Amino acid sequence: MKKHLVAGACAAAATLVLAACGSGQVGQSSGGQSAPDNKNLALIPGVQAEPFYISMQCGAEAEAKKLGYTLTTQAPQQFDAALQTEKVNALGSNPPAAMLIAPTDDTAMLAPIQQVANRGTKIVQVDTSLKDSSVAVSSISSDNTQGGQLAADTLAKLVGNKPGSVLVLDTKAGTSTTAARAAGFTEQLKKYPNLKSVGVQFTDNEPEQAASKVSAALASTPDLVGIFATNLNTGEGAATGLRNAGKIGQVNLVGFDASPSEVNGLRSGEYQALIAQDPAAIGQQGVDQAVNALEHKPVTAKLTAGLHSITRADMDANAQYFYKQSC
């Protein structure tokens, strides 16, 4: 998702920058007040074994160690509110000083997160967020609406003047990040009269469902020229659907994120572009804001991370944005 394709509003740097709006200060400086005795931080990502969250964990762990804190990670096996609630509840009677969490549902996760906050734990949202974010001292994520816009601009450049239809694959209704990406993409696509959206379809975050949706779209929409997949699983499923139909390279696939499998797919031509986030920086900044809150230092209520449009032509120059499988 690199430089020559990046929409003007996107940050080219990998560092985090303040959001243009919605940022503010929480807490007061303690004038050098010592840190609390509880040095334990918890990270509860959206799902385990996903390179985006592994990269976030790596950034968070490194920053926690640097600042003299210990961070443990507990991830649900699936991107599911009930499974994530189990991880939150498991913190039990010995809650961490602060919890970094990527809520898997913007409404259902409020109650369990609030219960942890009521026990004195500072809450920092990373990647995803609740509709009611008042429980959190800080929220750090990519500008997902902008990411969707960047994906639409990227797809339009790939397609050129060719007319045709475009499919959007989202994960689950109620997932704040992917919903914003889909909405940003759909709105931005209106700027290209040769491209027509055939709507957003949900995949329950399952690659098999994404593959099935693509197969059905190919059968019902002969002029399909592009697909925007809002996350890793939808992208992998979309690539499978195109492969099964013999349409690899004939239908432009723009994915979100830059996992090892997506990077390999970009190199082999299964994807035509990826929109990469900077999850390690999100994890790092999440720890920074949590520690600031614990040590009574100024906390920024909202931070955003940079996004990068990467194509096969410039992927080697942008390898720093590829996600990790281990720390």
# chains A, B, ... in the order shown; residues from 1 in each chain; ligands from 1
>>> residues_around(residues="range 113-129 of chain A", least_positions_apart="2", cutoff="6 Å", atoms="only C-alpha atoms", output="PyMOL selection string")
chain A and resi 97-103+110-111+136-141+176-177
>>> residues_around(residues="Thr178 in chain A", least_positions_apart="3", cutoff="6 Å", atoms="only C-alpha atoms", output="list in words")
Thr175, Arg181 and Thr230 of chain A
>>> closest_atom_pairs(of="range 247-304 of chain A", to="range 146-160 of chain A", cutoff="12 Å", atoms="only C-alpha atoms", output="CSV")
residue,atom,partner,partner_atom,distance
A:Gly249,CA,A:Leu158,CA,11.0
A:Gln250,CA,A:Val159,CA,10.2
A:Val251,CA,A:Val159,CA,9.1
A:Asn252,CA,A:Leu155,CA,7.2
A:Leu253,CA,A:Leu155,CA,8.0
A:Val254,CA,A:Leu155,CA,6.7
A:Gly255,CA,A:Ala151,CA,8.1
A:Phe256,CA,A:Ala151,CA,8.1
A:Asp257,CA,A:Gly147,CA,10.1
A:Tyr271,CA,A:Leu155,CA,11.0
A:Gln272,CA,A:Leu158,CA,7.8
A:Ala273,CA,A:Thr154,CA,7.5
A:Leu274,CA,A:Ala151,CA,8.0
A:Ile275,CA,A:Ala151,CA,6.6
A:Ala276,CA,A:Gly147,CA,8.8
A:Gln277,CA,A:Gly147,CA,8.7
A:Thr304,CA,A:Gln146,CA,10.8
>>> write_last_selection(atoms="all heavy atoms", output="compact mmCIF listing (two decimals), in the first residue's frame")
# COMPACT_ATOMS: atom_id res chain seq x y z
N GLY A 249 -6.09 -12.97 -10.95
CA GLY A 249 -5.51 -11.96 -11.83
C GLY A 249 -6.52 -11.32 -12.77
O GLY A 249 -6.27 -10.24 -13.29
N GLN A 250 -7.65 -11.98 -12.98
CA GLN A 250 -8.69 -11.40 -13.84
C GLN A 250 -9.62 -10.48 -13.05
O GLN A 250 -10.18 -9.53 -13.60
CB GLN A 250 -9.50 -12.51 -14.49
CG GLN A 250 -8.67 -13.41 -15.41
CD GLN A 250 -9.50 -14.52 -16.02
OE1 GLN A 250 -10.65 -14.32 -16.43
NE2 GLN A 250 -8.94 -15.72 -16.09
N VAL A 251 -9.79 -10.78 -11.78
CA VAL A 251 -10.55 -9.93 -10.86
C VAL A 251 -9.56 -9.38 -9.84
O VAL A 251 -8.87 -10.15 -9.17
CB VAL A 251 -11.67 -10.72 -10.16
CG1 VAL A 251 -12.38 -9.82 -9.15
CG2 VAL A 251 -12.65 -11.28 -11.18
N ASN A 252 -9.47 -8.08 -9.75
CA ASN A 252 -8.51 -7.45 -8.84
C ASN A 252 -8.94 -7.63 -7.39
O ASN A 252 -10.05 -7.24 -7.01
CB ASN A 252 -8.39 -5.95 -9.15
CG ASN A 252 -7.73 -5.69 -10.48
OD1 ASN A 252 -6.52 -5.72 -10.60
ND2 ASN A 252 -8.54 -5.44 -11.50
N LEU A 253 -8.05 -8.20 -6.59
CA LEU A 253 -8.32 -8.41 -5.17
C LEU A 253 -7.45 -7.48 -4.34
O LEU A 253 -6.22 -7.55 -4.41
CB LEU A 253 -8.06 -9.88 -4.80
CG LEU A 253 -8.17 -10.23 -3.31
CD1 LEU A 253 -9.56 -9.91 -2.77
CD2 LEU A 253 -7.85 -11.72 -3.09
N VAL A 254 -8.09 -6.61 -3.58
CA VAL A 254 -7.40 -5.73 -2.64
C VAL A 254 -7.72 -6.20 -1.24
O VAL A 254 -8.89 -6.24 -0.84
CB VAL A 254 -7.81 -4.26 -2.82
CG1 VAL A 254 -7.12 -3.37 -1.79
CG2 VAL A 254 -7.49 -3.79 -4.24
N GLY A 255 -6.70 -6.59 -0.50
CA GLY A 255 -6.89 -7.07 0.86
C GLY A 255 -6.47 -6.04 1.89
O GLY A 255 -5.77 -5.07 1.57
N PHE A 256 -6.90 -6.27 3.11
CA PHE A 256 -6.50 -5.41 4.22
C PHE A 256 -5.58 -6.21 5.12
O PHE A 256 -5.84 -7.36 5.42
CB PHE A 256 -7.73 -4.94 5.00
CG PHE A 256 -7.57 -3.57 5.61
CD1 PHE A 256 -8.06 -2.45 4.97
CD2 PHE A 256 -6.94 -3.42 6.83
CE1 PHE A 256 -7.91 -1.18 5.53
CE2 PHE A 256 -6.78 -2.17 7.40
CZ PHE A 256 -7.27 -1.04 6.75
N ASP A 257 -4.51 -5.57 5.57
CA ASP A 257 -3.45 -6.18 6.38
C ASP A 257 -2.37 -6.77 5.50
O ASP A 257 -2.49 -6.80 4.27
CB ASP A 257 -4.00 -7.23 7.35
CG ASP A 257 -4.86 -6.58 8.44
OD1 ASP A 257 -4.48 -5.51 8.94
OD2 ASP A 257 -5.91 -7.15 8.79
N TYR A 271 -3.27 -11.56 -4.90
CA TYR A 271 -3.71 -10.22 -4.55
C TYR A 271 -3.05 -9.23 -5.50
O TYR A 271 -1.91 -9.44 -5.94
CB TYR A 271 -3.28 -9.83 -3.13
CG TYR A 271 -3.95 -10.59 -2.00
CD1 TYR A 271 -3.49 -11.85 -1.63
CD2 TYR A 271 -5.00 -10.02 -1.28
CE1 TYR A 271 -4.08 -12.54 -0.57
CE2 TYR A 271 -5.58 -10.70 -0.23
CZ TYR A 271 -5.12 -11.96 0.13
OH TYR A 271 -5.69 -12.64 1.17
N GLN A 272 -3.74 -8.15 -5.75
CA GLN A 272 -3.13 -7.08 -6.55
C GLN A 272 -2.66 -5.92 -5.67
O GLN A 272 -1.83 -5.12 -6.09
CB GLN A 272 -4.13 -6.56 -7.59
CG GLN A 272 -4.21 -7.44 -8.83
CD GLN A 272 -4.68 -8.86 -8.51
OE1 GLN A 272 -5.75 -9.05 -7.95
NE2 GLN A 272 -3.86 -9.86 -8.85
N ALA A 273 -3.17 -5.86 -4.45
CA ALA A 273 -2.72 -4.82 -3.51
C ALA A 273 -3.12 -5.21 -2.09
O ALA A 273 -4.08 -5.97 -1.89
CB ALA A 273 -3.30 -3.45 -3.86
N LEU A 274 -2.38 -4.68 -1.13
CA LEU A 274 -2.70 -4.83 0.29
C LEU A 274 -2.67 -3.46 0.96
O LEU A 274 -1.84 -2.62 0.61
CB LEU A 274 -1.68 -5.75 0.98
CG LEU A 274 -1.57 -7.19 0.48
CD1 LEU A 274 -0.41 -7.89 1.18
CD2 LEU A 274 -2.88 -7.95 0.71
N ILE A 275 -3.57 -3.28 1.92
CA ILE A 275 -3.55 -2.07 2.74
C ILE A 275 -3.02 -2.47 4.11
O ILE A 275 -3.69 -3.14 4.89
CB ILE A 275 -4.96 -1.45 2.87
CG1 ILE A 275 -5.60 -1.24 1.51
CG2 ILE A 275 -4.88 -0.14 3.66
CD1 ILE A 275 -4.87 -0.29 0.58
N ALA A 276 -1.78 -2.08 4.39
CA ALA A 276 -1.11 -2.52 5.61
C ALA A 276 -1.28 -1.52 6.73
O ALA A 276 -1.19 -0.31 6.54
CB ALA A 276 0.38 -2.75 5.34
N GLN A 277 -1.51 -2.06 7.94
CA GLN A 277 -1.52 -1.25 9.14
C GLN A 277 -0.14 -1.34 9.81
O GLN A 277 0.79 -1.91 9.25
CB GLN A 277 -2.60 -1.75 10.09
CG GLN A 277 -3.99 -1.79 9.48
CD GLN A 277 -5.03 -2.26 10.47
OE1 GLN A 277 -5.43 -1.54 11.36
NE2 GLN A 277 -5.46 -3.50 10.31
N THR A 304 -4.09 7.53 16.27
CA THR A 304 -4.24 6.72 15.06
C THR A 304 -2.87 6.36 14.51
O THR A 304 -1.88 7.05 14.72
CB THR A 304 -5.02 7.46 13.95
OG1 THR A 304 -4.20 8.42 13.35
CG2 THR A 304 -6.25 8.15 14.50
>>> select_by_dssp(residues="range 6-204 of chain A", states="alpha helix (DSSP H)", output="PyMOL selection string")
chain A and resi 51-66+81-89+110-118+144-159+176-189
>>> closest_residue(among="A:Ser133, A:Asn38, A:Gln188, A:Gln48", to="Ser326 in chain A", atoms="only C-alpha atoms")
A:Gln48
>>> residues_around(residues="Arg243 in chain A", least_positions_apart="5", cutoff="12 Å", atoms="only C-alpha atoms", output="MDAnalysis selection string")
chainID A and resid 211:212 214:215 218 236:238 248:251 253 265 268:271
>>> residues_around(residues="Val47 in chain A", least_positions_apart="5", cutoff="7 Å", atoms="only C-alpha atoms", output="list in words")
Ala75, Pro76, Gln77, Gln78 and Phe79 of chain A
>>> write_last_selection(atoms="C-alpha atoms", output="mmCIF file, in the first residue's frame")
data_model
loop_
_atom_site.group_PDB
_atom_site.id
_atom_site.type_symbol
_atom_site.label_atom_id
_atom_site.label_comp_id
_atom_site.auth_asym_id
_atom_site.auth_seq_id
_atom_site.Cartn_x
_atom_site.Cartn_y
_atom_site.Cartn_z
ATOM 1 C CA ALA A 75 -6.417 -14.520 23.127
ATOM 2 C CA PRO A 76 -9.677 -16.297 22.243
ATOM 3 C CA GLN A 77 -9.536 -19.106 19.718
ATOM 4 C CA GLN A 78 -12.076 -17.362 17.491
ATOM 5 C CA PHE A 79 -13.101 -13.764 16.889
#
>>> atom_distance(atom1="CA of Gly92 in chain A", atom2="CA of Val135 in chain A")
18.3 Å
>>> closest_residue(among="A:Lys65, A:Asn161, A:Ile44, A:Ala49", to="Val88 in chain A", atoms="only C-alpha atoms")
A:Ile44
>>> atom_distance(atom1="CA of Phe322 in chain A", atom2="CA of Ala281 in chain A")
12.7 Å
>>> closest_residue(among="A:Ala258, A:Leu266, A:Leu195, A:Ala219", to="Ser165 in chain A", atoms="only C-alpha atoms")
A:Leu195
>>> closest_residue(among="A:Gln284, A:Gln84, A:Thr221, A:Thr300", to="Glu63 in chain A", atoms="only C-alpha atoms")
A:Gln284
>>> atom_distance(atom1="CA of Leu41 in chain A", atom2="CA of Ala290 in chain A")
8.5 Å
>>> closest_residue(among="A:Thr73, A:Thr240, A:Thr311, A:Gln325", to="Ser259 in chain A", atoms="only C-alpha atoms")
A:Gln325
>>> closest_residue(among="A:Pro163, A:Gly283, A:Gly199, A:Pro260", to="Ala319 in chain A", atoms="only C-alpha atoms")
A:Pro260
>>> residues_around(residues="Gly164 in chain A", least_positions_apart="6", cutoff="7 Å", atoms="only C-alpha atoms", output="JSON, numbers by chain")
{"A": [194, 195, 196, 223, 224, 225]}
>>> residues_around(residues="Lys39 in chain A", least_positions_apart="6", cutoff="8 Å", atoms="only C-alpha atoms", output="PDB file with N, CA, C and O atoms, in the first residue's frame")
ATOM      1  N   GLY A  68       9.483  -1.375  32.398  1.00  0.00           N
ATOM      2  CA  GLY A  68       9.524  -2.041  33.691  1.00  0.00           C
ATOM      3  C   GLY A  68       8.239  -2.743  34.081  1.00  0.00           C
ATOM      4  O   GLY A  68       8.000  -2.994  35.272  1.00  0.00           O
ATOM      5  N   TYR A  69       7.420  -3.089  33.113  1.00  0.00           N
ATOM      6  CA  TYR A  69       6.168  -3.796  33.360  1.00  0.00           C
ATOM      7  C   TYR A  69       6.205  -5.182  32.725  1.00  0.00           C
ATOM      8  O   TYR A  69       7.025  -5.457  31.845  1.00  0.00           O
ATOM      9  N   THR A  70       5.295  -6.041  33.192  1.00  0.00           N
ATOM     10  CA  THR A  70       5.145  -7.381  32.625  1.00  0.00           C
ATOM     11  C   THR A  70       3.813  -7.470  31.909  1.00  0.00           C
ATOM     12  O   THR A  70       2.772  -7.118  32.483  1.00  0.00           O
ATOM     13  N   PRO A  96      -5.237  -7.155  36.402  1.00  0.00           N
ATOM     14  CA  PRO A  96      -3.999  -6.442  36.095  1.00  0.00           C
ATOM     15  C   PRO A  96      -4.149  -4.961  36.384  1.00  0.00           C
ATOM     16  O   PRO A  96      -5.267  -4.446  36.534  1.00  0.00           O
ATOM     17  N   ALA A  97      -3.030  -4.263  36.421  1.00  0.00           N
ATOM     18  CA  ALA A  97      -3.075  -2.815  36.594  1.00  0.00           C
ATOM     19  C   ALA A  97      -3.753  -2.158  35.408  1.00  0.00           C
ATOM     20  O   ALA A  97      -4.490  -1.178  35.562  1.00  0.00           O
TER      21      ALA A  97
END
>>> decode(residues="range 108-119 of chain A", atoms="all heavy atoms", output="short mmCIF file (atom, residue, chain, number, x, y, z; two decimals), in the first residue's frame")
data_model
loop_
_atom_site.label_atom_id
_atom_site.label_comp_id
_atom_site.auth_asym_id
_atom_site.auth_seq_id
_atom_site.Cartn_x
_atom_site.Cartn_y
_atom_site.Cartn_z
N ALA A 108 -21.54 -5.82 22.80
CA ALA A 108 -21.57 -6.94 23.74
C ALA A 108 -20.39 -6.96 24.70
O ALA A 108 -20.52 -7.48 25.83
CB ALA A 108 -21.62 -8.26 22.96
N MET A 109 -19.26 -6.41 24.31
CA MET A 109 -18.07 -6.46 25.17
C MET A 109 -18.05 -5.35 26.23
O MET A 109 -17.17 -5.35 27.10
CB MET A 109 -16.80 -6.40 24.33
CG MET A 109 -16.51 -7.64 23.53
SD MET A 109 -16.50 -9.16 24.53
CE MET A 109 -15.24 -8.79 25.73
N LEU A 110 -19.01 -4.43 26.18
CA LEU A 110 -18.98 -3.33 27.14
C LEU A 110 -19.12 -3.82 28.58
O LEU A 110 -18.35 -3.42 29.45
CB LEU A 110 -20.10 -2.32 26.82
CG LEU A 110 -20.26 -1.17 27.83
CD1 LEU A 110 -18.97 -0.36 27.94
CD2 LEU A 110 -21.43 -0.28 27.44
N ALA A 111 -20.08 -4.68 28.85
CA ALA A 111 -20.34 -5.11 30.22
C ALA A 111 -19.14 -5.83 30.84
O ALA A 111 -18.73 -5.49 31.96
CB ALA A 111 -21.59 -5.98 30.27
N PRO A 112 -18.55 -6.83 30.18
CA PRO A 112 -17.39 -7.49 30.81
C PRO A 112 -16.19 -6.56 30.98
O PRO A 112 -15.48 -6.66 31.99
CB PRO A 112 -17.07 -8.66 29.86
CG PRO A 112 -17.78 -8.33 28.59
CD PRO A 112 -18.97 -7.52 28.95
N ILE A 113 -15.98 -5.67 30.03
CA ILE A 113 -14.87 -4.74 30.17
C ILE A 113 -15.13 -3.77 31.32
O ILE A 113 -14.24 -3.44 32.11
CB ILE A 113 -14.64 -3.97 28.85
CG1 ILE A 113 -14.10 -4.93 27.77
CG2 ILE A 113 -13.66 -2.81 29.05
CD1 ILE A 113 -14.01 -4.31 26.39
N GLN A 114 -16.38 -3.34 31.46
CA GLN A 114 -16.73 -2.43 32.55
C GLN A 114 -16.51 -3.08 33.90
O GLN A 114 -16.07 -2.44 34.86
CB GLN A 114 -18.20 -2.01 32.42
CG GLN A 114 -18.65 -0.98 33.45
CD GLN A 114 -17.98 0.36 33.24
OE1 GLN A 114 -18.21 1.02 32.23
NE2 GLN A 114 -17.15 0.78 34.20
N GLN A 115 -16.79 -4.38 34.00
CA GLN A 115 -16.57 -5.08 35.25
C GLN A 115 -15.10 -5.07 35.66
O GLN A 115 -14.77 -4.91 36.83
CB GLN A 115 -17.08 -6.52 35.14
CG GLN A 115 -18.60 -6.63 35.07
CD GLN A 115 -19.07 -8.06 34.95
OE1 GLN A 115 -18.29 -9.01 35.09
NE2 GLN A 115 -20.36 -8.24 34.69
N VAL A 116 -14.22 -5.24 34.68
CA VAL A 116 -12.79 -5.18 34.98
C VAL A 116 -12.39 -3.76 35.39
O VAL A 116 -11.64 -3.56 36.36
CB VAL A 116 -11.96 -5.64 33.76
CG1 VAL A 116 -10.47 -5.48 34.02
CG2 VAL A 116 -12.28 -7.09 33.43
N ALA A 117 -12.91 -2.79 34.69
CA ALA A 117 -12.60 -1.39 35.03
C ALA A 117 -13.09 -1.06 36.43
O ALA A 117 -12.43 -0.30 37.17
CB ALA A 117 -13.25 -0.46 34.01
N ASN A 118 -14.22 -1.62 36.83
CA ASN A 118 -14.75 -1.35 38.16
C ASN A 118 -13.85 -1.88 39.27
O ASN A 118 -13.97 -1.43 40.43
CB ASN A 118 -16.15 -1.97 38.30
CG ASN A 118 -17.19 -1.25 37.45
OD1 ASN A 118 -16.98 -0.14 36.99
ND2 ASN A 118 -18.33 -1.90 37.23
N ARG A 119 -12.96 -2.80 38.94
CA ARG A 119 -12.02 -3.32 39.93
C ARG A 119 -10.72 -2.52 39.96
O ARG A 119 -9.76 -2.91 40.61
CB ARG A 119 -11.72 -4.80 39.63
CG ARG A 119 -12.94 -5.71 39.81
CD ARG A 119 -12.55 -7.17 39.94
NE ARG A 119 -12.02 -7.73 38.70
CZ ARG A 119 -12.76 -8.35 37.79
NH1 ARG A 119 -14.08 -8.45 37.97
NH2 ARG A 119 -12.23 -8.86 36.71
#
